[in-house]
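Pasting coords.cif here (mmCIF, C-alpha atoms):
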data_data
#
loop_
_atom_site.group_PDB
_atom_site.id
_atom_site.type_symbol
_atom_site.label_atom_id
_atom_site.label_comp_id
_atom_site.auth_asym_id
_atom_site.auth_seq_id
_atom_site.Cartn_x
_atom_site.Cartn_y
_atom_site.Cartn_z
ATOM 1 C CA MET A 1 -262.373 -114.873 -29.413
ATOM 2 C CA ASN A 2 -259.953 -117.250 -31.130
ATOM 3 C CA GLY A 3 -256.877 -119.315 -30.363
ATOM 4 C CA LEU A 4 -255.365 -119.435 -26.909
ATOM 5 C CA SER A 5 -257.146 -116.235 -25.872
ATOM 6 C CA ALA A 6 -260.329 -118.325 -25.569
ATOM 7 C CA PHE A 7 -258.771 -120.059 -22.571
ATOM 8 C CA SER A 8 -258.087 -116.811 -20.722
ATOM 9 C CA LEU A 9 -260.210 -115.889 -17.710
ATOM 10 C CA THR A 10 -259.224 -112.239 -17.763
ATOM 11 C CA GLY A 11 -262.209 -110.203 -16.592
ATOM 12 C CA SER A 12 -264.071 -113.229 -15.238
ATOM 13 C CA ARG A 13 -265.466 -113.151 -11.702
ATOM 14 C CA VAL A 14 -265.107 -116.536 -10.046
ATOM 15 C CA VAL A 15 -266.224 -118.088 -6.748
ATOM 16 C CA VAL A 16 -264.713 -121.401 -5.652
ATOM 17 C CA THR A 17 -265.928 -123.268 -2.582
ATOM 18 C CA GLY A 18 -263.632 -125.516 -0.567
ATOM 19 C CA ALA A 19 -260.748 -123.256 -1.520
ATOM 20 C CA GLU A 20 -258.591 -123.556 1.587
ATOM 21 C CA SER A 21 -257.017 -126.862 0.580
ATOM 22 C CA GLY A 22 -256.879 -129.695 -1.915
ATOM 23 C CA LEU A 23 -258.697 -129.403 -5.224
ATOM 24 C CA GLY A 24 -260.458 -126.175 -4.261
ATOM 25 C CA LEU A 25 -257.183 -124.405 -3.528
ATOM 26 C CA ALA A 26 -255.664 -125.647 -6.787
ATOM 27 C CA ILE A 27 -258.704 -124.542 -8.795
ATOM 28 C CA ALA A 28 -258.938 -121.104 -7.180
ATOM 29 C CA THR A 29 -255.218 -120.529 -7.736
ATOM 30 C CA ALA A 30 -255.350 -121.689 -11.361
ATOM 31 C CA CYS A 31 -258.330 -119.442 -12.123
ATOM 32 C CA ALA A 32 -256.499 -116.467 -10.617
ATOM 33 C CA GLU A 33 -253.385 -117.285 -12.651
ATOM 34 C CA ALA A 34 -255.583 -117.420 -15.769
ATOM 35 C CA GLY A 35 -256.613 -113.808 -15.100
ATOM 36 C CA ALA A 36 -259.831 -114.141 -13.107
ATOM 37 C CA ASP A 37 -260.840 -112.142 -10.061
ATOM 38 C CA VAL A 38 -261.383 -114.960 -7.577
ATOM 39 C CA ILE A 39 -263.032 -115.419 -4.216
ATOM 40 C CA GLY A 40 -262.152 -118.634 -2.433
ATOM 41 C CA ALA A 41 -264.838 -119.601 0.071
ATOM 42 C CA ASP A 42 -264.432 -122.163 2.810
ATOM 43 C CA ILE A 43 -265.786 -123.050 6.228
ATOM 44 C CA GLY A 44 -262.203 -122.784 7.456
ATOM 45 C CA VAL A 45 -262.016 -119.059 6.727
ATOM 46 C CA ALA A 46 -262.766 -117.098 9.882
ATOM 47 C CA PRO A 47 -264.691 -113.860 9.347
ATOM 48 C CA VAL A 48 -261.736 -111.904 10.751
ATOM 49 C CA ASP A 49 -259.526 -113.350 8.010
ATOM 50 C CA GLU A 50 -261.751 -112.323 5.108
ATOM 51 C CA SER A 51 -259.849 -109.096 4.588
ATOM 52 C CA SER A 52 -256.588 -111.014 4.096
ATOM 53 C CA THR A 53 -254.837 -110.258 0.816
ATOM 54 C CA ALA A 54 -252.353 -113.099 1.158
ATOM 55 C CA GLY A 55 -252.272 -115.317 -1.893
ATOM 56 C CA PRO A 56 -253.672 -114.860 -5.394
ATOM 57 C CA PHE A 57 -257.346 -114.611 -4.405
ATOM 58 C CA ARG A 58 -259.655 -113.176 -1.774
ATOM 59 C CA ARG A 59 -261.101 -115.388 0.924
ATOM 60 C CA MET A 60 -264.598 -115.551 2.395
ATOM 61 C CA HIS A 61 -266.352 -117.733 4.937
ATOM 62 C CA VAL A 62 -269.161 -120.121 4.021
ATOM 63 C CA ASP A 63 -270.861 -123.057 5.703
ATOM 64 C CA LEU A 64 -272.535 -125.130 3.004
ATOM 65 C CA CYS A 65 -274.809 -126.749 5.574
ATOM 66 C CA ASP A 66 -276.273 -123.338 6.401
ATOM 67 C CA ARG A 67 -278.553 -121.741 3.784
ATOM 68 C CA GLU A 68 -278.172 -118.289 5.358
ATOM 69 C CA SER A 69 -274.398 -118.574 5.168
ATOM 70 C CA ILE A 70 -274.614 -119.462 1.463
ATOM 71 C CA ALA A 71 -276.942 -116.535 0.731
ATOM 72 C CA ALA A 72 -274.622 -114.188 2.614
ATOM 73 C CA LEU A 73 -271.600 -115.443 0.666
ATOM 74 C CA VAL A 74 -273.276 -114.877 -2.691
ATOM 75 C CA ASP A 75 -274.397 -111.378 -1.681
ATOM 76 C CA ARG A 76 -270.900 -110.465 -0.472
ATOM 77 C CA ALA A 77 -269.242 -111.979 -3.535
ATOM 78 C CA VAL A 78 -271.526 -110.062 -5.902
ATOM 79 C CA ALA A 79 -270.806 -106.859 -4.005
ATOM 80 C CA ALA A 80 -267.053 -107.477 -3.990
ATOM 81 C CA LEU A 81 -266.692 -108.651 -7.590
ATOM 82 C CA GLY A 82 -269.533 -106.738 -9.212
ATOM 83 C CA GLY A 83 -271.137 -110.038 -10.236
ATOM 84 C CA ILE A 84 -270.357 -113.736 -10.583
ATOM 85 C CA ASP A 85 -269.498 -115.338 -13.913
ATOM 86 C CA VAL A 86 -268.231 -118.705 -12.695
ATOM 87 C CA CYS A 87 -268.990 -120.802 -9.629
ATOM 88 C CA VAL A 88 -267.001 -123.947 -8.854
ATOM 89 C CA ASN A 89 -268.718 -126.170 -6.291
ATOM 90 C CA CYS A 90 -265.689 -127.963 -4.912
ATOM 91 C CA ALA A 91 -266.309 -128.214 -1.164
ATOM 92 C CA GLY A 92 -266.995 -131.750 -0.074
ATOM 93 C CA ILE A 93 -266.158 -134.466 2.402
ATOM 94 C CA GLY A 94 -265.522 -138.196 2.257
ATOM 95 C CA GLY A 95 -265.873 -140.820 4.905
ATOM 96 C CA ARG A 96 -265.133 -144.497 4.407
ATOM 97 C CA SER A 97 -266.916 -147.378 6.087
ATOM 98 C CA PRO A 98 -268.389 -150.734 5.057
ATOM 99 C CA ALA A 99 -271.972 -150.251 3.920
ATOM 100 C CA VAL A 100 -273.494 -152.522 6.551
ATOM 101 C CA SER A 101 -271.953 -150.448 9.333
ATOM 102 C CA TYR A 102 -272.050 -147.049 7.642
ATOM 103 C CA PRO A 103 -272.992 -144.628 10.457
ATOM 104 C CA ASP A 104 -276.246 -142.683 10.059
ATOM 105 C CA GLU A 105 -274.584 -139.464 11.154
ATOM 106 C CA GLN A 106 -271.824 -139.901 8.570
ATOM 107 C CA TRP A 107 -274.367 -140.492 5.806
ATOM 108 C CA ASP A 108 -276.321 -137.389 6.819
ATOM 109 C CA ARG A 109 -273.199 -135.217 6.979
ATOM 110 C CA VAL A 110 -271.842 -136.393 3.608
ATOM 111 C CA ILE A 111 -275.153 -135.898 1.810
ATOM 112 C CA ALA A 112 -275.744 -132.524 3.487
ATOM 113 C CA THR A 113 -272.329 -131.198 2.497
ATOM 114 C CA ASN A 114 -271.674 -132.766 -0.887
ATOM 115 C CA LEU A 115 -275.152 -132.790 -2.408
ATOM 116 C CA THR A 116 -277.472 -130.456 -0.538
ATOM 117 C CA GLY A 117 -274.758 -127.846 -0.021
ATOM 118 C CA SER A 118 -273.727 -127.929 -3.679
ATOM 119 C CA PHE A 119 -277.334 -127.566 -4.803
ATOM 120 C CA ALA A 120 -277.996 -124.695 -2.406
ATOM 121 C CA MET A 121 -274.875 -122.925 -3.673
ATOM 122 C CA ALA A 122 -275.765 -123.553 -7.321
ATOM 123 C CA ARG A 123 -279.314 -122.334 -6.735
ATOM 124 C CA ALA A 124 -278.165 -119.104 -5.079
ATOM 125 C CA VAL A 125 -275.533 -118.361 -7.729
ATOM 126 C CA GLY A 126 -277.818 -119.554 -10.508
ATOM 127 C CA ALA A 127 -280.457 -116.961 -9.629
ATOM 128 C CA HIS A 128 -277.848 -114.247 -10.126
ATOM 129 C CA MET A 129 -276.542 -115.774 -13.369
ATOM 130 C CA LEU A 130 -280.014 -116.211 -14.827
ATOM 131 C CA ALA A 131 -280.725 -112.553 -14.161
ATOM 132 C CA GLN A 132 -277.544 -111.476 -15.940
ATOM 133 C CA GLY A 133 -278.097 -113.926 -18.796
ATOM 134 C CA SER A 134 -274.793 -115.755 -18.577
ATOM 135 C CA GLY A 135 -272.625 -117.879 -16.323
ATOM 136 C CA SER A 136 -270.817 -121.163 -15.832
ATOM 137 C CA VAL A 137 -271.414 -123.492 -12.899
ATOM 138 C CA ILE A 138 -268.862 -126.270 -12.434
ATOM 139 C CA ASN A 139 -269.709 -129.043 -9.997
ATOM 140 C CA ILE A 140 -267.026 -131.381 -8.704
ATOM 141 C CA ALA A 141 -268.379 -134.908 -8.995
ATOM 142 C CA SER A 142 -266.190 -138.028 -8.901
ATOM 143 C CA ILE A 143 -265.607 -141.299 -10.674
ATOM 144 C CA GLY A 144 -267.337 -142.589 -7.550
ATOM 145 C CA GLY A 145 -270.511 -141.121 -9.000
ATOM 146 C CA LEU A 146 -270.050 -143.129 -12.203
ATOM 147 C CA VAL A 147 -268.727 -146.516 -11.107
ATOM 148 C CA GLY A 148 -268.763 -148.542 -7.923
ATOM 149 C CA TYR A 149 -265.947 -149.404 -5.553
ATOM 150 C CA PRO A 150 -266.044 -150.633 -1.970
ATOM 151 C CA GLY A 151 -266.135 -148.649 1.241
ATOM 152 C CA SER A 152 -267.534 -145.246 0.251
ATOM 153 C CA VAL A 153 -271.265 -145.678 -0.296
ATOM 154 C CA GLY A 154 -272.307 -142.292 1.099
ATOM 155 C CA TYR A 155 -269.684 -140.403 -0.881
ATOM 156 C CA GLN A 156 -270.521 -142.252 -4.078
ATOM 157 C CA ALA A 157 -274.248 -141.708 -3.649
ATOM 158 C CA SER A 158 -273.682 -137.979 -3.184
ATOM 159 C CA LYS A 159 -271.468 -137.721 -6.257
ATOM 160 C CA GLY A 160 -273.838 -139.744 -8.424
ATOM 161 C CA ALA A 161 -276.552 -137.288 -7.472
ATOM 162 C CA ILE A 162 -274.231 -134.398 -8.397
ATOM 163 C CA VAL A 163 -273.965 -135.858 -11.903
ATOM 164 C CA GLN A 164 -277.742 -135.875 -12.355
ATOM 165 C CA MET A 165 -278.137 -132.466 -10.724
ATOM 166 C CA THR A 166 -275.634 -131.111 -13.246
ATOM 167 C CA ARG A 167 -277.572 -132.469 -16.200
ATOM 168 C CA SER A 168 -280.898 -131.252 -14.870
ATOM 169 C CA LEU A 169 -279.654 -127.713 -14.233
ATOM 170 C CA ALA A 170 -277.955 -127.596 -17.638
ATOM 171 C CA VAL A 171 -281.225 -128.385 -19.408
ATOM 172 C CA GLU A 172 -283.215 -125.930 -17.286
ATOM 173 C CA TRP A 173 -280.761 -123.019 -17.368
ATOM 174 C CA GLY A 174 -279.243 -123.418 -20.831
ATOM 175 C CA PRO A 175 -281.907 -121.347 -22.622
ATOM 176 C CA SER A 176 -280.993 -118.432 -20.353
ATOM 177 C CA GLY A 177 -277.295 -118.613 -21.208
ATOM 178 C CA VAL A 178 -276.079 -120.418 -18.092
ATOM 179 C CA ARG A 179 -273.872 -123.468 -18.596
ATOM 180 C CA VAL A 180 -273.615 -126.236 -15.991
ATOM 181 C CA ASN A 181 -270.970 -128.953 -16.184
ATOM 182 C CA ALA A 182 -269.192 -131.332 -13.833
ATOM 183 C CA ILE A 183 -265.691 -132.673 -13.419
ATOM 184 C CA ALA A 184 -265.326 -136.258 -12.233
ATOM 185 C CA PRO A 185 -261.831 -136.688 -10.798
ATOM 186 C CA GLY A 186 -260.227 -140.049 -10.377
ATOM 187 C CA HIS A 187 -258.016 -140.806 -7.384
ATOM 188 C CA ILE A 188 -256.168 -137.526 -6.818
ATOM 189 C CA ALA A 189 -253.191 -137.165 -4.505
ATOM 190 C CA THR A 190 -254.442 -134.387 -2.232
ATOM 191 C CA GLU A 191 -253.252 -134.126 1.355
ATOM 192 C CA LEU A 192 -256.549 -135.634 2.528
ATOM 193 C CA VAL A 193 -256.116 -138.634 0.246
ATOM 194 C CA ARG A 194 -252.481 -139.052 1.260
ATOM 195 C CA ARG A 195 -253.570 -139.274 4.888
ATOM 196 C CA GLN A 196 -256.110 -141.925 3.871
ATOM 197 C CA TRP A 197 -253.306 -143.929 2.268
ATOM 198 C CA GLU A 198 -251.600 -144.053 5.652
ATOM 199 C CA THR A 199 -254.692 -145.770 7.051
ATOM 200 C CA GLU A 200 -255.400 -147.889 3.973
ATOM 201 C CA PRO A 201 -252.176 -148.296 1.960
ATOM 202 C CA GLU A 202 -253.937 -150.844 -0.226
ATOM 203 C CA LEU A 203 -256.311 -148.115 -1.431
ATOM 204 C CA ARG A 204 -253.596 -146.415 -3.473
ATOM 205 C CA GLU A 205 -252.588 -149.687 -5.113
ATOM 206 C CA TYR A 206 -256.225 -150.523 -5.839
ATOM 207 C CA PHE A 207 -256.724 -147.390 -7.932
ATOM 208 C CA LEU A 208 -253.236 -147.319 -9.411
ATOM 209 C CA SER A 209 -253.501 -150.883 -10.700
ATOM 210 C CA ARG A 210 -256.726 -149.998 -12.531
ATOM 211 C CA THR A 211 -255.517 -146.748 -14.103
ATOM 212 C CA PRO A 212 -254.255 -147.200 -17.691
ATOM 213 C CA LEU A 213 -251.947 -144.160 -17.575
ATOM 214 C CA GLY A 214 -250.135 -145.806 -14.679
ATOM 215 C CA ARG A 215 -250.246 -142.854 -12.308
ATOM 216 C CA LEU A 216 -252.685 -141.151 -10.016
ATOM 217 C CA GLY A 217 -253.729 -137.563 -10.584
ATOM 218 C CA ASP A 218 -252.615 -134.435 -8.807
ATOM 219 C CA PRO A 219 -254.692 -131.311 -8.082
ATOM 220 C CA ALA A 220 -253.314 -129.442 -11.105
ATOM 221 C CA ASP A 221 -254.952 -131.989 -13.426
ATOM 222 C CA ILE A 222 -258.365 -131.017 -12.067
ATOM 223 C CA ALA A 223 -257.566 -127.305 -11.891
ATOM 224 C CA HIS A 224 -256.701 -127.213 -15.592
ATOM 225 C CA ALA A 225 -260.000 -128.887 -16.463
ATOM 226 C CA ALA A 226 -261.856 -126.328 -14.355
ATOM 227 C CA VAL A 227 -260.167 -123.405 -16.118
ATOM 228 C CA PHE A 228 -261.244 -124.894 -19.457
ATOM 229 C CA LEU A 229 -264.883 -125.255 -18.381
ATOM 230 C CA ALA A 230 -264.835 -121.738 -16.933
ATOM 231 C CA SER A 231 -263.485 -120.216 -20.138
ATOM 232 C CA GLU A 232 -264.959 -119.248 -23.500
ATOM 233 C CA ALA A 233 -263.122 -122.227 -24.975
ATOM 234 C CA SER A 234 -265.956 -124.398 -23.639
ATOM 235 C CA ARG A 235 -268.820 -122.072 -24.575
ATOM 236 C CA MET A 236 -270.703 -124.816 -26.464
ATOM 237 C CA ILE A 237 -270.353 -127.358 -23.657
ATOM 238 C CA THR A 238 -273.068 -127.851 -21.057
ATOM 239 C CA GLY A 239 -274.601 -130.775 -19.210
ATOM 240 C CA GLN A 240 -271.390 -132.774 -19.527
ATOM 241 C CA VAL A 241 -269.256 -134.705 -17.068
ATOM 242 C CA LEU A 242 -265.560 -134.289 -17.833
ATOM 243 C CA VAL A 243 -263.844 -137.378 -16.428
ATOM 244 C CA VAL A 244 -260.233 -136.798 -15.397
ATOM 245 C CA ASP A 245 -259.110 -140.211 -14.198
ATOM 246 C CA GLY A 246 -256.201 -141.473 -16.285
ATOM 247 C CA GLY A 247 -258.536 -143.928 -17.986
ATOM 248 C CA TYR A 248 -259.868 -145.636 -14.850
ATOM 249 C CA THR A 249 -263.495 -145.620 -16.047
ATOM 250 C CA SER A 250 -262.543 -146.922 -19.523
ATOM 251 C CA HIS A 251 -262.538 -150.515 -18.264
#

Could the structure of this file be written out as structure tokens, please?
Amino acid sequence: MNGLSAFSLTGSRVVVTGAESGLGLAIATACAEAGADVIGADIGVAPVDESSTAGPFRRMHVDLCDRESIAALVDRAVAALGGIDVCVNCAGIGGRSPAVSYPDEQWDRVIATNLTGSFAMARAVGAHMLAQGSGSVINIASIGGLVGYPGSVGYQASKGAIVQMTRSLAVEWGPSGVRVNAIAPGHIATELVRRQWETEPELREYFLSRTPLGRLGDPADIAHAAVFLASEASRMITGQVLVVDGGYTSH
């Protein structure tokens, strides 16, 4: 496969978590537009809505804090698609608070969703990919997993762990033909982040002032990176963290 055809996802079977909004929705849509058969999974999808054909991809329910729900999703996705070639672990939550008053319940919920849920999903999909001898797992990390900034200790801890989980799985699964990479977005203007700006308008200026390209990202910037890592164009890439941050981490 040569040239631009290497970037096509035609024939690929893709599952994206967190696909009802934000980065997950952008990634699922971009993969579908690149030719993939896509299932977008989200806790916000009610079982009665799973048969909906609205939009460019199919929708399924999953609760990443429930191992049985994850196993059921993978089984249903394999049955619906005939297999899984790509899994994008995008579902996640934030939660800002000073470290000294960071609530225990918030810490537990962030770690359970962002880290434990992503691992449980990768493990379930990875078993299928290892059996078929191929696959690409893409974890959504964050610049918060690479550098420090104030007010998001639980989120940053979870994303730093995602980075190391990605490297570990890449080393373990690479000999069986399964690639594992991560994308580390910078400050991206999703609806969730825009609502945070209303509460903390200084947050936008904080990141913008430290971004060499002089703008914050939008979901399409991350979606394009995900399509690349899902495609044959990245077939020699594994265990890497693709930072998409406008140069923020270059300082």

### Query
Can you list, as a list in words, every protein, DNA or RNA residue that comes within 12 Å of Gln132 of chain A when you count all atoms listed in the file, leaving out same-chain residues fewer than 2 positions away?
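Listed by chain and then number, they are Val78, Gly82, Gly83, Ile84, Asp85, Val125, Gly126, Ala127, His128, Met129, Leu130, Ser134, Gly135, Ser136, Ser176, Gly177 and Val178 of chain A.
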
### Query
Selected by the PyMOL selection byres ((chain A and resi 248) around 7) in the shown coordinates: which residues, as a list in words?
Arg210, Thr211, Pro212, Asp245, Gly246, Gly247, Thr249, Ser250 and His251 of chain A

### Query
Quick one, how far is atom CA of Ala34 of chain A from atom CA of Val227 of chain A?
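Separation between atom CA of Ala34 of chain A and atom CA of Val227 of chain A: 7.5 Å.
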
### Task
Choose the residue, out of A:Gly24, A:Glu33, A:Leu73, A:Met165, that has the smallest atom-to-atom separation from Pro47 of chain A; count all atoms listed in the file.
A:Leu73

When the PyMOL selection byres ((chain A and resi 113) around 10) is applied to the structure above, which residues does it catch, written out as a compact mmCIF listing (two decimals) with C-alpha atoms, in the coordinates of the input?
# COMPACT_ATOMS: atom_id res chain seq x y z
CA ASP A 63 -270.86 -123.06 5.70
CA LEU A 64 -272.54 -125.13 3.00
CA CYS A 65 -274.81 -126.75 5.57
CA ASP A 66 -276.27 -123.34 6.40
CA ALA A 91 -266.31 -128.21 -1.16
CA GLY A 92 -267.00 -131.75 -0.07
CA ILE A 93 -266.16 -134.47 2.40
CA GLY A 94 -265.52 -138.20 2.26
CA ASP A 108 -276.32 -137.39 6.82
CA ARG A 109 -273.20 -135.22 6.98
CA VAL A 110 -271.84 -136.39 3.61
CA ILE A 111 -275.15 -135.90 1.81
CA ALA A 112 -275.74 -132.52 3.49
CA ASN A 114 -271.67 -132.77 -0.89
CA LEU A 115 -275.15 -132.79 -2.41
CA THR A 116 -277.47 -130.46 -0.54
CA GLY A 117 -274.76 -127.85 -0.02
CA SER A 118 -273.73 -127.93 -3.68
CA PHE A 119 -277.33 -127.57 -4.80
CA ALA A 120 -278.00 -124.70 -2.41
CA SER A 158 -273.68 -137.98 -3.18
